[in-house]
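Asker: Just one file: input_9.txt, with compact mmCIF, C-alpha atoms and all ligand atoms.
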```txt
# COMPACT_ATOMS: atom_id res chain seq x y z
CA MET A 1 0.00 0.00 0.00
CA ALA A 2 1.37 3.42 -0.93
CA PRO A 3 1.92 5.90 1.90
CA LEU A 4 -0.63 8.66 2.22
CA GLU A 5 0.28 11.95 0.56
CA THR A 6 1.71 14.67 2.76
CA TYR A 7 1.62 18.28 1.60
CA SER A 8 4.09 20.62 3.28
CA VAL A 9 3.24 24.29 3.53
CA ASP A 10 4.79 27.13 5.45
CA ILE A 11 2.80 29.90 7.05
CA SER A 12 4.89 32.46 5.16
CA GLU A 13 3.85 30.98 1.81
CA THR A 14 0.75 31.03 -0.33
CA ASN A 15 -0.15 27.61 -1.68
CA LEU A 16 -2.79 27.08 -4.33
CA PHE A 17 -4.58 23.74 -4.48
CA ARG A 18 -6.61 22.62 -7.48
CA MET A 19 -9.13 20.01 -6.45
CA ILE A 20 -10.72 17.88 -9.18
CA ASN A 21 -13.39 15.24 -8.81
CA VAL A 22 -12.32 12.72 -11.43
CA GLY A 23 -14.78 10.19 -10.05
CA SER A 24 -17.76 9.01 -11.97
CA ALA A 25 -20.33 8.41 -9.32
CA SER A 26 -20.32 10.37 -6.08
CA PRO A 27 -19.97 13.92 -4.93
CA PHE A 28 -17.43 14.32 -2.16
CA LEU A 29 -17.30 16.43 0.98
CA PHE A 30 -13.82 17.89 1.40
CA SER A 31 -12.30 19.75 4.34
CA VAL A 32 -9.12 20.35 6.29
CA PRO A 33 -10.46 20.37 9.86
CA GLY A 34 -9.02 23.36 11.72
CA ILE A 35 -8.13 25.32 8.58
CA SER A 36 -10.40 27.50 6.46
CA LEU A 37 -10.26 27.35 2.69
CA ILE A 38 -10.08 30.50 0.56
CA VAL A 39 -11.81 29.39 -2.63
CA LYS A 40 -10.99 31.41 -5.76
CA GLU A 41 -11.87 29.52 -8.93
CA THR A 42 -14.23 26.90 -10.20
CA ASP A 43 -13.90 24.99 -13.47
CA GLY A 44 -11.01 27.30 -14.37
CA TYR A 45 -12.93 30.56 -13.93
CA PRO A 46 -12.11 33.00 -11.14
CA PHE A 47 -14.69 34.42 -8.77
CA LEU A 48 -14.51 36.85 -5.88
CA GLU A 49 -12.86 34.71 -3.24
CA THR A 50 -14.91 33.26 -0.45
CA THR A 51 -13.70 31.61 2.75
CA VAL A 52 -15.37 28.36 3.71
CA ASP A 53 -14.83 25.36 5.96
CA LYS A 54 -15.93 22.63 3.55
CA ILE A 55 -16.47 22.13 -0.16
CA ILE A 56 -18.81 19.72 -1.89
CA ILE A 57 -17.36 18.72 -5.24
CA TYR A 58 -19.40 16.81 -7.82
CA PRO A 59 -17.94 14.61 -10.57
CA ALA A 60 -16.15 16.76 -13.21
CA GLU A 61 -16.07 19.89 -11.05
CA ARG A 62 -12.88 21.73 -10.14
CA TYR A 63 -12.23 24.13 -7.26
CA ASP A 64 -9.07 26.14 -6.64
CA PHE A 65 -8.37 27.21 -3.09
CA GLU A 66 -5.67 28.56 -0.82
CA LEU A 67 -5.32 27.83 2.88
CA ASP A 68 -6.12 30.47 5.46
CA LEU A 69 -3.13 29.99 7.77
CA ARG A 70 -3.29 33.36 9.54
CA HIS A 71 -4.40 31.89 12.85
CA VAL A 72 -3.03 28.37 12.52
CA GLN A 73 -0.35 26.96 14.80
CA PRO A 74 2.24 24.74 13.07
CA GLY A 75 1.47 21.03 13.10
CA MET A 76 -0.02 18.15 11.18
CA PHE A 77 -3.57 18.40 9.87
CA ASN A 78 -5.83 15.93 8.10
CA MET A 79 -7.21 16.60 4.64
CA THR A 80 -10.41 14.59 4.51
CA VAL A 81 -12.85 13.37 1.90
CA TYR A 82 -16.22 11.84 2.77
CA ILE A 83 -19.21 10.57 0.89
CA PHE A 84 -22.40 12.09 2.22
CA ASN A 85 -26.11 11.55 2.19
CA GLU A 86 -27.57 13.84 -0.44
CA ARG A 87 -30.87 14.15 1.38
CA ASN A 88 -29.45 15.57 4.58
CA LEU A 89 -25.75 16.12 3.72
CA GLU A 90 -24.61 14.02 6.66
CA LYS A 91 -21.44 12.00 6.28
CA GLU A 92 -21.94 8.40 5.26
CA GLY A 93 -19.55 5.64 6.18
CA LYS A 94 -15.93 5.93 7.12
CA ILE A 95 -13.49 8.44 5.74
CA LEU A 96 -13.01 7.85 2.01
CA GLY A 97 -9.91 9.89 1.29
CA LEU A 98 -7.15 11.09 3.57
CA ALA A 99 -3.96 13.09 3.13
CA PHE A 100 -1.84 15.07 5.55
CA LEU A 101 -0.98 18.72 5.67
CA ASN A 102 2.28 19.59 7.41
CA VAL A 103 2.12 23.26 8.40
CA THR A 104 5.46 24.81 9.36
CA ASN A 105 6.49 28.24 10.57
CA LEU A 106 10.10 28.45 9.36
CA GLN A 107 10.29 32.22 9.69
CA SER A 108 8.88 32.21 13.23
CA ILE A 109 6.02 34.51 12.31
CA THR A 110 3.98 35.59 15.32
CA ILE A 111 0.60 33.92 15.14
CA ASN A 112 -2.49 35.43 16.63
CA SER A 113 -4.59 32.42 17.47
CA SER A 114 -7.50 34.48 18.75
CA ARG A 115 -9.47 34.35 15.55
CA THR A 116 -12.94 35.79 15.65
CA THR A 117 -14.91 32.69 16.38
CA ASP A 118 -17.83 32.18 14.09
CA LYS A 119 -19.30 28.92 15.23
CA ASN A 120 -21.18 28.52 11.98
CA MET A 121 -19.54 26.14 9.55
CA THR A 122 -19.62 27.37 5.98
CA LEU A 123 -20.12 24.89 3.19
CA LEU A 124 -19.64 25.71 -0.48
CA ASN A 125 -21.73 24.14 -3.25
CA CYS A 126 -24.43 22.45 -1.27
CA PRO A 127 -27.54 21.49 -3.20
CA PHE A 128 -29.68 23.37 -0.68
CA ASP A 129 -29.65 26.96 0.41
CA VAL A 130 -30.62 26.07 3.96
CA TYR A 131 -28.65 23.27 5.49
CA PRO A 132 -31.15 20.66 6.61
CA LYS A 133 -31.24 19.76 10.28
CA VAL A 134 -27.86 21.24 11.18
CA SER A 135 -28.57 24.86 11.88
CA LYS A 136 -24.96 25.79 12.56
CA THR A 137 -23.94 25.14 8.99
CA LYS A 138 -24.32 27.88 6.42
CA CYS A 139 -24.64 26.93 2.77
CA ILE A 140 -23.18 28.83 -0.16
CA PRO A 141 -24.59 27.57 -3.45
CA VAL A 142 -22.38 28.36 -6.45
CA SER A 143 -25.08 30.65 -7.79
CA HIS A 144 -24.22 33.00 -4.92
CA LEU A 145 -20.63 33.37 -6.12
CA LYS A 146 -19.69 36.52 -8.00
CA SER A 147 -17.45 36.40 -11.04
CA ASN A 148 -14.09 38.14 -10.69
CA LYS A 149 -14.43 40.85 -13.29
CA ALA A 150 -10.77 41.83 -12.99
CA ALA A 151 -9.90 38.46 -14.48
CA GLN A 152 -12.12 38.56 -17.53
CA PRO A 153 -12.46 35.23 -19.31
CA LEU A 154 -11.19 35.02 -22.84
CA ASN A 155 -13.75 35.31 -25.60
CA PHE A 156 -13.89 32.13 -27.64
CA ASP A 157 -16.80 33.13 -29.90
CA LEU A 158 -16.32 31.73 -33.42
CA VAL A 159 -19.42 33.46 -34.78
CA SER A 160 -20.93 36.75 -33.71
CA ARG A 161 -23.75 36.97 -31.22
CA SER A 162 -27.28 37.74 -32.34
CA GLN A 163 -30.25 39.30 -30.57
CA GLU A 164 -32.18 36.03 -30.66
CA LEU A 165 -33.10 34.40 -27.37
CA THR A 166 -34.42 30.89 -26.70
CA ILE A 167 -35.39 29.25 -23.41
CA HIS A 168 -35.18 25.50 -22.95
CA PHE A 169 -36.48 23.52 -19.98
CA LEU A 170 -34.63 20.25 -19.45
CA ASN A 171 -35.73 17.89 -16.70
CA PHE A 172 -33.25 15.30 -15.45
CA GLY A 173 -34.73 12.19 -13.91
CA PHE A 174 -35.80 8.56 -14.07
CA PRO A 175 -39.29 8.56 -15.54
CA LYS A 176 -41.67 5.64 -15.55
CA PRO A 177 -42.27 2.99 -16.72
CA LYS A 178 -38.67 1.80 -17.05
CA ASN A 179 -37.00 4.40 -14.84
CA TYR A 180 -34.21 4.95 -17.35
CA SER A 181 -31.90 7.91 -16.81
CA SER A 182 -33.38 10.52 -19.14
CA ILE A 183 -33.74 14.15 -20.07
CA ASN A 184 -37.32 15.28 -20.59
CA GLY A 185 -38.27 11.61 -20.63
CA ARG A 186 -35.90 10.90 -23.53
CA ARG A 187 -33.37 8.16 -23.03
CA PHE A 188 -30.47 9.07 -25.30
CA ILE A 189 -29.58 6.56 -28.04
CA TRP A 190 -26.24 7.11 -29.75
CA PRO A 191 -26.39 7.91 -33.48
CA THR A 192 -25.03 5.26 -35.85
CA VAL A 193 -23.58 7.77 -38.30
CA SER A 194 -21.58 10.93 -37.83
CA ALA A 195 -23.94 13.57 -36.52
CA LEU A 196 -21.62 16.23 -37.90
CA SER A 197 -21.45 15.15 -41.53
CA GLN A 198 -24.64 13.18 -42.07
CA PRO A 199 -27.30 14.97 -40.06
CA SER A 200 -30.03 14.07 -42.55
CA GLU A 201 -29.60 10.41 -41.62
CA LEU A 202 -30.37 11.07 -37.99
CA ASP A 203 -33.78 10.78 -36.49
CA THR A 204 -33.76 13.21 -33.63
CA SER A 205 -37.48 13.75 -33.53
CA CYS A 206 -38.17 11.65 -30.43
CA SER A 207 -41.68 11.43 -31.80
CA LYS A 208 -42.79 8.72 -29.40
CA CYS A 209 -42.30 11.04 -26.46
CA ASP A 210 -44.90 13.44 -25.22
CA SER A 211 -45.41 15.40 -22.05
CA GLU A 212 -46.10 12.30 -19.93
CA THR A 213 -44.64 9.51 -22.08
CA SER A 214 -40.99 8.55 -22.13
CA CYS A 215 -39.11 7.16 -25.13
CA GLU A 216 -35.67 6.18 -26.39
CA CYS A 217 -34.21 8.30 -29.17
CA THR A 218 -31.26 10.39 -30.38
CA HIS A 219 -32.25 13.41 -28.39
CA SER A 220 -30.97 16.61 -29.91
CA LEU A 221 -31.47 20.25 -29.03
CA THR A 222 -31.06 22.68 -31.90
CA LEU A 223 -29.34 25.94 -31.05
CA LYS A 224 -29.67 28.80 -33.53
CA THR A 225 -26.37 30.30 -34.64
CA GLY A 226 -25.20 33.14 -32.46
CA SER A 227 -28.25 33.08 -30.24
CA GLU A 228 -28.49 33.50 -26.51
CA ILE A 229 -29.68 30.31 -24.85
CA ILE A 230 -31.26 30.18 -21.40
CA MET A 231 -31.46 26.66 -20.04
CA VAL A 232 -33.59 25.86 -17.04
CA LEU A 233 -32.19 22.56 -15.81
CA THR A 234 -34.77 21.01 -13.52
CA ASN A 235 -34.86 18.04 -11.19
CA VAL A 236 -38.49 17.72 -10.20
CA GLY A 237 -41.48 15.52 -10.94
CA SER A 238 -42.13 11.84 -10.44
CA GLY A 239 -38.67 10.78 -11.69
CA SER A 240 -36.66 13.01 -9.37
CA PHE A 241 -34.53 11.16 -6.81
CA ILE A 242 -31.00 12.49 -6.72
CA SER A 243 -28.94 15.56 -7.68
CA HIS A 244 -27.21 15.48 -11.08
CA PRO A 245 -23.92 17.16 -12.04
CA ILE A 246 -24.55 18.32 -15.61
CA HIS A 247 -21.60 18.95 -17.89
CA VAL A 248 -21.66 20.76 -21.22
CA HIS A 249 -19.01 20.26 -23.90
CA GLY A 250 -17.85 23.04 -26.20
CA HIS A 251 -19.14 25.76 -23.92
CA THR A 252 -18.93 27.29 -20.55
CA PHE A 253 -21.99 28.91 -19.09
CA GLU A 254 -23.02 31.56 -16.61
CA VAL A 255 -24.91 30.35 -13.57
CA LEU A 256 -27.77 32.81 -13.29
CA LYS A 257 -29.80 31.22 -10.51
CA MET A 258 -30.37 28.07 -8.55
CA GLY A 259 -33.70 27.12 -7.04
CA PHE A 260 -33.82 24.77 -4.09
CA PRO A 261 -36.23 22.58 -2.22
CA THR A 262 -37.31 23.47 1.29
CA PHE A 263 -37.76 21.27 4.34
CA ASN A 264 -40.69 20.91 6.63
CA GLU A 265 -40.37 20.64 10.40
CA ASN A 266 -39.80 16.88 10.12
CA GLY A 267 -36.87 17.42 7.80
CA THR A 268 -38.79 16.15 4.79
CA LEU A 269 -37.69 17.67 1.51
CA ILE A 270 -40.32 19.66 -0.37
CA PRO A 271 -39.44 20.29 -4.03
CA SER A 272 -39.35 23.83 -5.36
CA ASN A 273 -42.72 25.04 -6.53
CA ASP A 274 -41.27 27.45 -9.12
CA ILE A 275 -41.51 24.84 -11.87
CA LEU A 276 -44.84 23.85 -13.43
CA CYS A 277 -44.49 20.31 -14.76
CA SER A 278 -47.94 19.97 -16.24
CA PRO A 279 -51.11 22.02 -16.61
CA ILE A 280 -53.11 18.94 -15.55
CA HIS A 281 -51.09 16.94 -13.05
CA LEU A 282 -49.45 17.82 -9.78
CA ASN A 283 -45.67 18.01 -10.14
CA LYS A 284 -45.20 14.87 -8.06
CA ASP A 285 -47.42 12.94 -10.47
CA SER A 286 -45.92 14.32 -13.67
CA GLN A 287 -42.88 13.20 -15.66
CA CYS A 288 -42.15 16.87 -16.19
CA ASN A 289 -41.12 16.34 -19.83
CA ASN A 290 -42.56 19.69 -20.83
CA ALA A 291 -41.93 22.00 -17.91
CA THR A 292 -42.28 25.75 -17.72
CA TRP A 293 -42.22 28.47 -15.09
CA ARG A 294 -45.23 28.52 -12.79
CA ASN A 295 -45.08 32.30 -12.98
CA SER A 296 -45.32 33.00 -16.71
CA SER A 297 -43.73 36.43 -16.34
CA TRP A 298 -40.44 34.61 -15.61
CA MET A 299 -40.28 33.62 -19.29
CA ASP A 300 -38.57 37.00 -19.56
CA TYR A 301 -35.66 35.84 -17.45
CA ARG A 302 -34.91 39.36 -16.27
CA ASN A 303 -38.11 39.11 -14.21
CA ILE A 304 -36.92 36.10 -12.23
CA PRO A 305 -36.39 37.11 -8.59
CA GLY A 306 -32.80 36.80 -7.47
CA ILE A 307 -31.38 36.22 -10.94
CA SER A 308 -27.72 37.11 -11.22
CA LEU A 309 -27.09 39.09 -14.40
CA LEU A 310 -24.36 41.51 -13.34
CA ASP A 311 -21.52 39.19 -12.43
CA PRO A 312 -22.64 35.53 -12.56
CA VAL A 313 -20.05 32.87 -11.97
CA ARG A 314 -18.92 30.88 -15.01
CA LYS A 315 -18.63 27.09 -15.01
CA ASP A 316 -18.88 24.05 -17.24
CA THR A 317 -20.41 21.64 -14.73
CA ILE A 318 -23.35 22.49 -12.50
CA VAL A 319 -25.31 20.48 -10.01
CA VAL A 320 -29.03 20.38 -10.69
CA PRO A 321 -30.26 19.99 -7.13
CA TYR A 322 -32.68 17.26 -6.22
CA GLY A 323 -36.07 18.95 -5.94
CA GLY A 324 -34.77 22.16 -7.51
CA TYR A 325 -33.28 23.70 -10.63
CA SER A 326 -30.34 25.62 -12.09
CA VAL A 327 -30.65 28.39 -14.66
CA ILE A 328 -27.68 28.79 -16.99
CA ARG A 329 -26.90 30.91 -20.03
CA ILE A 330 -24.75 29.95 -22.99
CA TRP A 331 -24.24 31.53 -26.40
CA ALA A 332 -24.42 29.46 -29.58
CA THR A 333 -21.13 30.80 -30.88
CA ASN A 334 -19.18 27.56 -31.22
CA PRO A 335 -20.58 25.53 -34.14
CA GLY A 336 -20.51 21.81 -33.72
CA ILE A 337 -22.30 18.91 -32.15
CA TRP A 338 -21.71 19.04 -28.44
CA PHE A 339 -22.50 16.50 -25.82
CA MET A 340 -24.41 17.55 -22.72
CA HIS A 341 -24.80 14.94 -20.04
CA CYS A 342 -24.93 13.99 -16.41
CA HIS A 343 -21.41 13.28 -15.19
CA ILE A 344 -22.51 10.33 -13.09
CA ASP A 345 -21.35 7.71 -15.58
CA LYS A 346 -24.14 5.27 -14.91
CA HIS A 347 -26.72 7.94 -15.70
CA MET A 348 -24.88 9.10 -18.81
CA ALA A 349 -24.43 5.58 -20.18
CA GLU A 350 -28.06 4.79 -19.55
CA GLY A 351 -29.32 7.84 -21.42
CA MET A 352 -29.17 11.06 -19.39
CA ALA A 353 -27.57 12.94 -22.26
CA LEU A 354 -28.35 14.88 -25.41
CA MET A 355 -26.60 16.45 -28.39
CA LEU A 356 -26.50 20.19 -28.68
CA ASN A 357 -26.97 20.56 -32.42
CA GLU A 358 -25.32 23.88 -32.88
CA SER A 359 -25.85 25.08 -36.36
CA PHE A 360 -25.49 22.44 -39.03
CA GLU A 361 -25.43 25.24 -41.59
CA ASN A 362 -22.05 26.34 -40.28
CA ILE A 363 -20.63 22.86 -40.24
CA ASN A 364 -21.68 21.64 -43.67
CA LYS A 365 -20.11 24.51 -45.56
CA ASN A 366 -16.77 23.63 -44.04
CA LEU A 367 -16.78 20.00 -45.12
CA PRO A 368 -13.77 19.14 -47.27
CA ASP A 369 -14.52 17.94 -50.81
CA GLY A 370 -14.56 14.20 -51.24
CA LEU A 371 -14.54 13.44 -47.55
CA PRO A 372 -15.86 9.91 -47.16
CA THR A 373 -19.14 9.45 -45.38
CA CYS A 374 -20.20 6.68 -43.10
CA HIS A 375 -21.23 3.62 -45.14
CA SER A 376 -19.09 4.77 -48.11
CA PHE A 377 -16.22 2.48 -47.25
CA ARG A 378 -15.74 -0.67 -49.32
CA ASN A 379 -14.87 -4.02 -47.87
CA GLY A 380 -11.58 -5.26 -49.21
CA PRO A 381 -11.14 -8.57 -50.98
CA LYS A 382 -11.70 -11.65 -48.90
CA MET A 383 -8.64 -12.80 -47.10
CA PRO A 384 -7.06 -15.92 -48.62
CA GLN A 385 -7.85 -18.89 -46.51
CA LYS A 386 -5.90 -21.96 -45.58
CA PRO A 387 -7.42 -25.37 -46.30
CA ASN A 388 -8.43 -25.61 -42.66
CA GLY A 389 -10.63 -22.54 -43.13
CA LYS A 390 -8.47 -20.18 -41.08
CA ASN A 391 -7.25 -16.92 -42.54
CA ALA A 392 -3.80 -17.11 -44.08
CA PHE A 393 -2.78 -13.66 -42.90
CA PHE A 394 -4.52 -13.67 -39.63
CA PRO A 395 -2.84 -10.62 -38.02
CA PHE A 396 -3.42 -8.46 -41.11
CA TYR A 397 -6.99 -9.60 -41.34
CA ILE A 398 -7.58 -8.53 -37.78
CA MET A 399 -6.06 -5.13 -38.53
CA ALA A 400 -8.27 -4.69 -41.59
CA GLU A 401 -11.34 -5.73 -39.67
CA GLY A 402 -10.48 -3.38 -36.84
CA PHE A 403 -10.06 -0.44 -39.20
CA ASP A 404 -13.25 -1.37 -40.96
CA GLU A 405 -15.05 -1.27 -37.66
CA LEU A 406 -13.70 2.20 -36.96
CA TYR A 407 -15.07 3.39 -40.28
CA ARG A 408 -18.37 1.79 -39.54
CA ARG A 409 -18.65 3.62 -36.30
CA CYS A 410 -17.45 6.84 -37.88
CA LEU A 411 -15.29 7.74 -34.97
CA ILE A 412 -12.54 8.91 -37.29
CA PHE A 413 -14.82 11.35 -39.07
CA ASN A 414 -15.86 13.01 -35.89
CA LEU A 415 -12.27 13.55 -34.90
CA LEU A 416 -11.33 14.83 -38.36
CA TYR A 417 -14.11 17.35 -38.46
CA MET A 418 -13.51 18.60 -35.00
CA SER A 419 -9.83 19.23 -35.58
CA ARG A 420 -10.50 20.83 -38.96
CA LEU A 421 -13.13 23.19 -37.64
CA LYS A 422 -10.97 24.21 -34.75
CA ASN A 423 -8.05 25.03 -37.07
CA ILE A 424 -9.94 27.48 -39.27
CU CU A 501 -27.23 11.99 -13.01
```
Could you write out this file's structure as structure tokens?
Ligand SMILES: [Cu+2]
Answerer:
Amino acid sequence: MAPLETYSVDISETNLFRMINVGSASPFLFSVPGISLIVKETDGYPFLETTVDKIIIYPAERYDFELDLRHVQPGMFNMTVYIFNERNLEKEGKILGLAFLNVTNLQSITINSSRTTDKNMTLLNCPFDVYPKVSKTKCIPVSHLKSNKAAQPLNFDLVSRSQELTIHFLNFGFPKPKNYSSINGRRFIWPTVSALSQPSELDTSCSKCDSETSCECTHSLTLKTGSEIIMVLTNVGSGSFISHPIHVHGHTFEVLKMGFPTFNENGTLIPSNDILCSPIHLNKDSQCNNATWRNSSWMDYRNIPGISLLDPVRKDTIVVPYGGYSVIRIWATNPGIWFMHCHIDKHMAEGMALMLNESFENINKNLPDGLPTCHSFRNGPKMPQKPNGKNAFFPFYIMAEGFDELYRRCLIFNLLYMSRLKNI
């Protein structure tokens, strides 16, 4: 067994830690008991720093933090990772991850240990805005973070922005009857041809789905070139059971608002009532495949109470809280077919995913002449066979078959197109 990692830091130094959840299943609860964390960036984008005691990190998320060592006496500290219960955020099981932090004071700096004691624990990125049961813990959802304007993100727009605005409601859950991981009741089925070069061969209609019926299909969301896209990512209705970390490829997004469930006096979670799943059914009885705002005036997103438009934090992975929602904004300025999916691998593999179909018109005009399409390959001549029926050039045959299979699956084409488009 390898020894546990020990990080050595001196009180006179500033040390930056980048924490990444490369897991595929669970969010983690991270802390260094006795030391506060000065958190500065998430998913590579800076925000106005905030000091917390613990961080929840979902699969695919990243958080950059420094250690607040101003009132810390030298010594060894634990760096701890726990799995927690998503309903009440209490630790589950034994410690999952452990490292050591060796704090030194090589320059004999005078330490004032009498820190102003705030007995409230502060927790960043909880999927609630009020910590259930434990009143002494204060939650900071990421939607409360403020972007650091002094560190403006680079502009990666490949096409100019238009005035057009579209709002999409996407509900993440496990709808009946099969309880497959789905978005708006659609279990994602992978296309069998390249979605970039042969879009006409795709059936993305999902025609068997309706507002209360689930289906399996190549779910695609068309984004108009250059337009502003508001996505209301919801986690309500009869298929809502767990929070989902949703990751978008090809884009980062601004987190404009998060809506959360509340708790009654018994600690029972009550889903947010801001979302209207169905004009007929109660939310709890609806699949919520065709959601909207309960208050129709919120369709103009500037009317949504508490929406952050001045300095919203930017991310590429956002938790859609169980019983709540996250409102994000992206711009359709990066033509391509982009995957959007839950980063819990089991959910993604089962179908909680879709393709952002961002402007076929911009892709097709960049196709190189004579580029082969899927199905256009020709099988080579049959391999000569030995009298016993086995292939004479067995290793070469395997290679040819393997390459053939790659063509069939069109993986190569996707890669070719992507690299070509990016090099323009
Ligand atoms: Cu999920």
Asker: In the coordinate frame of the file, compute which residues have an atom within 8 Å of (-37.9, 15.7, -11.8) when using all atoms listed in the file, and state them as a VMD selection string.
Answerer: chain A and resid 171 to 174 234 to 241 287 to 288 322 to 323
Asker: Let's have the selection written as a PDB file, keeping the file's coordinate frame, with C-alpha atoms.
Answerer:
```pdb
ATOM      1  CA  ASN A 171     -35.730  17.890 -16.700  1.00  0.00           C
ATOM      2  CA  PHE A 172     -33.250  15.300 -15.450  1.00  0.00           C
ATOM      3  CA  GLY A 173     -34.730  12.190 -13.910  1.00  0.00           C
ATOM      4  CA  PHE A 174     -35.800   8.560 -14.070  1.00  0.00           C
ATOM      5  CA  THR A 234     -34.770  21.010 -13.520  1.00  0.00           C
ATOM      6  CA  ASN A 235     -34.860  18.040 -11.190  1.00  0.00           C
ATOM      7  CA  VAL A 236     -38.490  17.720 -10.200  1.00  0.00           C
ATOM      8  CA  GLY A 237     -41.480  15.520 -10.940  1.00  0.00           C
ATOM      9  CA  SER A 238     -42.130  11.840 -10.440  1.00  0.00           C
ATOM     10  CA  GLY A 239     -38.670  10.780 -11.690  1.00  0.00           C
ATOM     11  CA  SER A 240     -36.660  13.010  -9.370  1.00  0.00           C
ATOM     12  CA  PHE A 241     -34.530  11.160  -6.810  1.00  0.00           C
ATOM     13  CA  GLN A 287     -42.880  13.200 -15.660  1.00  0.00           C
ATOM     14  CA  CYS A 288     -42.150  16.870 -16.190  1.00  0.00           C
ATOM     15  CA  TYR A 322     -32.680  17.260  -6.220  1.00  0.00           C
ATOM     16  CA  GLY A 323     -36.070  18.950  -5.940  1.00  0.00           C
TER      17      GLY A 323
END
```
Asker: List as a list in words the protein and nucleic acid residues lying within 9 Å of ligand CU 501 (chain A), with all atoms listed in the file counted.
Answerer: Ala25, Phe172, Gly173, Ser181, Ser182, Ile242, Ser243, His244, Pro245, Ile246, Val320, His341, Cys342, His343, Ile344, Asp345, Lys346, His347, Met348 and Met352 of chain A
Asker: For A:Lys224, which residue out of A:Ser8, A:Asn295, A:Asn85, A:Gln163 is the nearest one, using all atoms listed in the file?
Answerer: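 Nearest candidate to A:Lys224 out of A:Ser8, A:Asn295, A:Asn85, A:Gln163: A:Gln163.
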Asker: Pick out the closest residue to A:Glu86 from this set: A:Glu212, A:Ser278, A:Ala99, A:Tyr58. Count only C-alpha atoms.
Answerer: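 Of all the options, A:Tyr58 lies closest to A:Glu86.
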Asker: With all atoms listed in the file as the atoms that count, which of A:Ser108, A:Ser297, A:Gly75, A:Thr204 lies nearest to A:Leu221?
Answerer: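 With all atoms listed in the file as the atom set, the closest residue is A:Thr204.
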Asker: Work out how far apart atom CA of A:Asn273 and atom CA of A:Ile230 are and give it in Å to one decimal.
Answerer: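 Between atom CA of A:Asn273 and atom CA of A:Ile230 the gap is 19.5 Å.
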Asker: Using Å and a single decimal, report how far atom CA of A:Ile95 sits from atom CA of A:Lys315.
Answerer: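 Atom CA of A:Ile95 lies at a distance of 28.4 Å from atom CA of A:Lys315.
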Asker: A:Ser207: which residues within 12 Å, counting all atoms listed in the file, same-chain residues fewer than 5 positions away excluded, as a PyMOL selection string?
Answerer: chain A and resi 185-186+213-219
Asker: Go ahead and write the residues just picked, C-alpha atoms, as an mmCIF file, in the frame of the given file.
Answerer:
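Final output, selection-v9.cif:
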```cif
data_model
loop_
_atom_site.group_PDB
_atom_site.id
_atom_site.type_symbol
_atom_site.label_atom_id
_atom_site.label_comp_id
_atom_site.auth_asym_id
_atom_site.auth_seq_id
_atom_site.Cartn_x
_atom_site.Cartn_y
_atom_site.Cartn_z
ATOM 1 C CA GLY A 185 -38.270 11.610 -20.630
ATOM 2 C CA ARG A 186 -35.900 10.900 -23.530
ATOM 3 C CA THR A 213 -44.640 9.510 -22.080
ATOM 4 C CA SER A 214 -40.990 8.550 -22.130
ATOM 5 C CA CYS A 215 -39.110 7.160 -25.130
ATOM 6 C CA GLU A 216 -35.670 6.180 -26.390
ATOM 7 C CA CYS A 217 -34.210 8.300 -29.170
ATOM 8 C CA THR A 218 -31.260 10.390 -30.380
ATOM 9 C CA HIS A 219 -32.250 13.410 -28.390
#
```
Asker: Quote the spacing between atom CA of A:Met299 and atom CA of A:Gly250 in Å to one decimal place.
Answerer: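 Straight-line distance from atom CA of A:Met299 to atom CA of A:Gly250 works out to 25.7 Å.
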Asker: I need the residue nearest A:Glu92 from this list: A:Thr110, A:Thr317, A:Asn78, A:Ser26. Use only C-alpha atoms for the distance.
Answerer: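 Nearest to A:Glu92: A:Ser26.
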Asker: Would you mind telling me which residue in A:Lys94, A:Arg329, A:Arg70, A:Arg302 lies nearest to A:Ser227 when using only C-alpha atoms?
Answerer: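 When distances to A:Ser227 are compared using only C-alpha atoms, the smallest one comes from A:Arg329.
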Asker: Show which residues sit within 10 Å of A:Ala291, as a list of chain:residue names. Count all atoms listed in the file, and ignore same-chain residues fewer than 6 positions away.
Answerer: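 Surrounding residues, per the criterion: A:His168, A:Phe169, A:Leu170, A:Asn171, A:Asn184, A:Ser211, A:Val232, A:Leu233, A:Thr234, A:Val236, A:Gly237, A:Ile275, A:Leu276, A:Cys277, A:Ser278, A:Pro279, A:Asn283.
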Asker: So, counting all atoms listed in the file, which residue among A:Pro59, A:Pro127, A:Pro312, A:Pro3 is closest to A:Met19?
Answerer: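 Looking at the shortest contact to A:Met19, the residue is A:Pro59.
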Asker: Can you patch up stretch 167-171 of chain A, filling it in to N, CA and C atoms, and show the result as a PDB file, keeping the file's coordinate frame?
Answerer:
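As written to disk, out.pdb reads:
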```pdb
ATOM      1  N   ILE A 167     -35.398  29.856 -24.747  1.00  0.00           N
ATOM      2  CA  ILE A 167     -35.390  29.250 -23.410  1.00  0.00           C
ATOM      3  C   ILE A 167     -35.726  27.773 -23.534  1.00  0.00           C
ATOM      4  N   HIS A 168     -34.933  26.940 -22.943  1.00  0.00           N
ATOM      5  CA  HIS A 168     -35.180  25.500 -22.950  1.00  0.00           C
ATOM      6  C   HIS A 168     -35.316  25.018 -21.502  1.00  0.00           C
ATOM      7  N   PHE A 169     -36.324  24.199 -21.270  1.00  0.00           N
ATOM      8  CA  PHE A 169     -36.480  23.520 -19.980  1.00  0.00           C
ATOM      9  C   PHE A 169     -36.054  22.071 -20.153  1.00  0.00           C
ATOM     10  N   LEU A 170     -35.118  21.626 -19.354  1.00  0.00           N
ATOM     11  CA  LEU A 170     -34.630  20.250 -19.450  1.00  0.00           C
ATOM     12  C   LEU A 170     -34.741  19.609 -18.076  1.00  0.00           C
ATOM     13  N   ASN A 171     -35.543  18.549 -17.997  1.00  0.00           N
ATOM     14  CA  ASN A 171     -35.730  17.890 -16.700  1.00  0.00           C
ATOM     15  C   ASN A 171     -34.932  16.588 -16.650  1.00  0.00           C
TER      16      ASN A 171
END
```
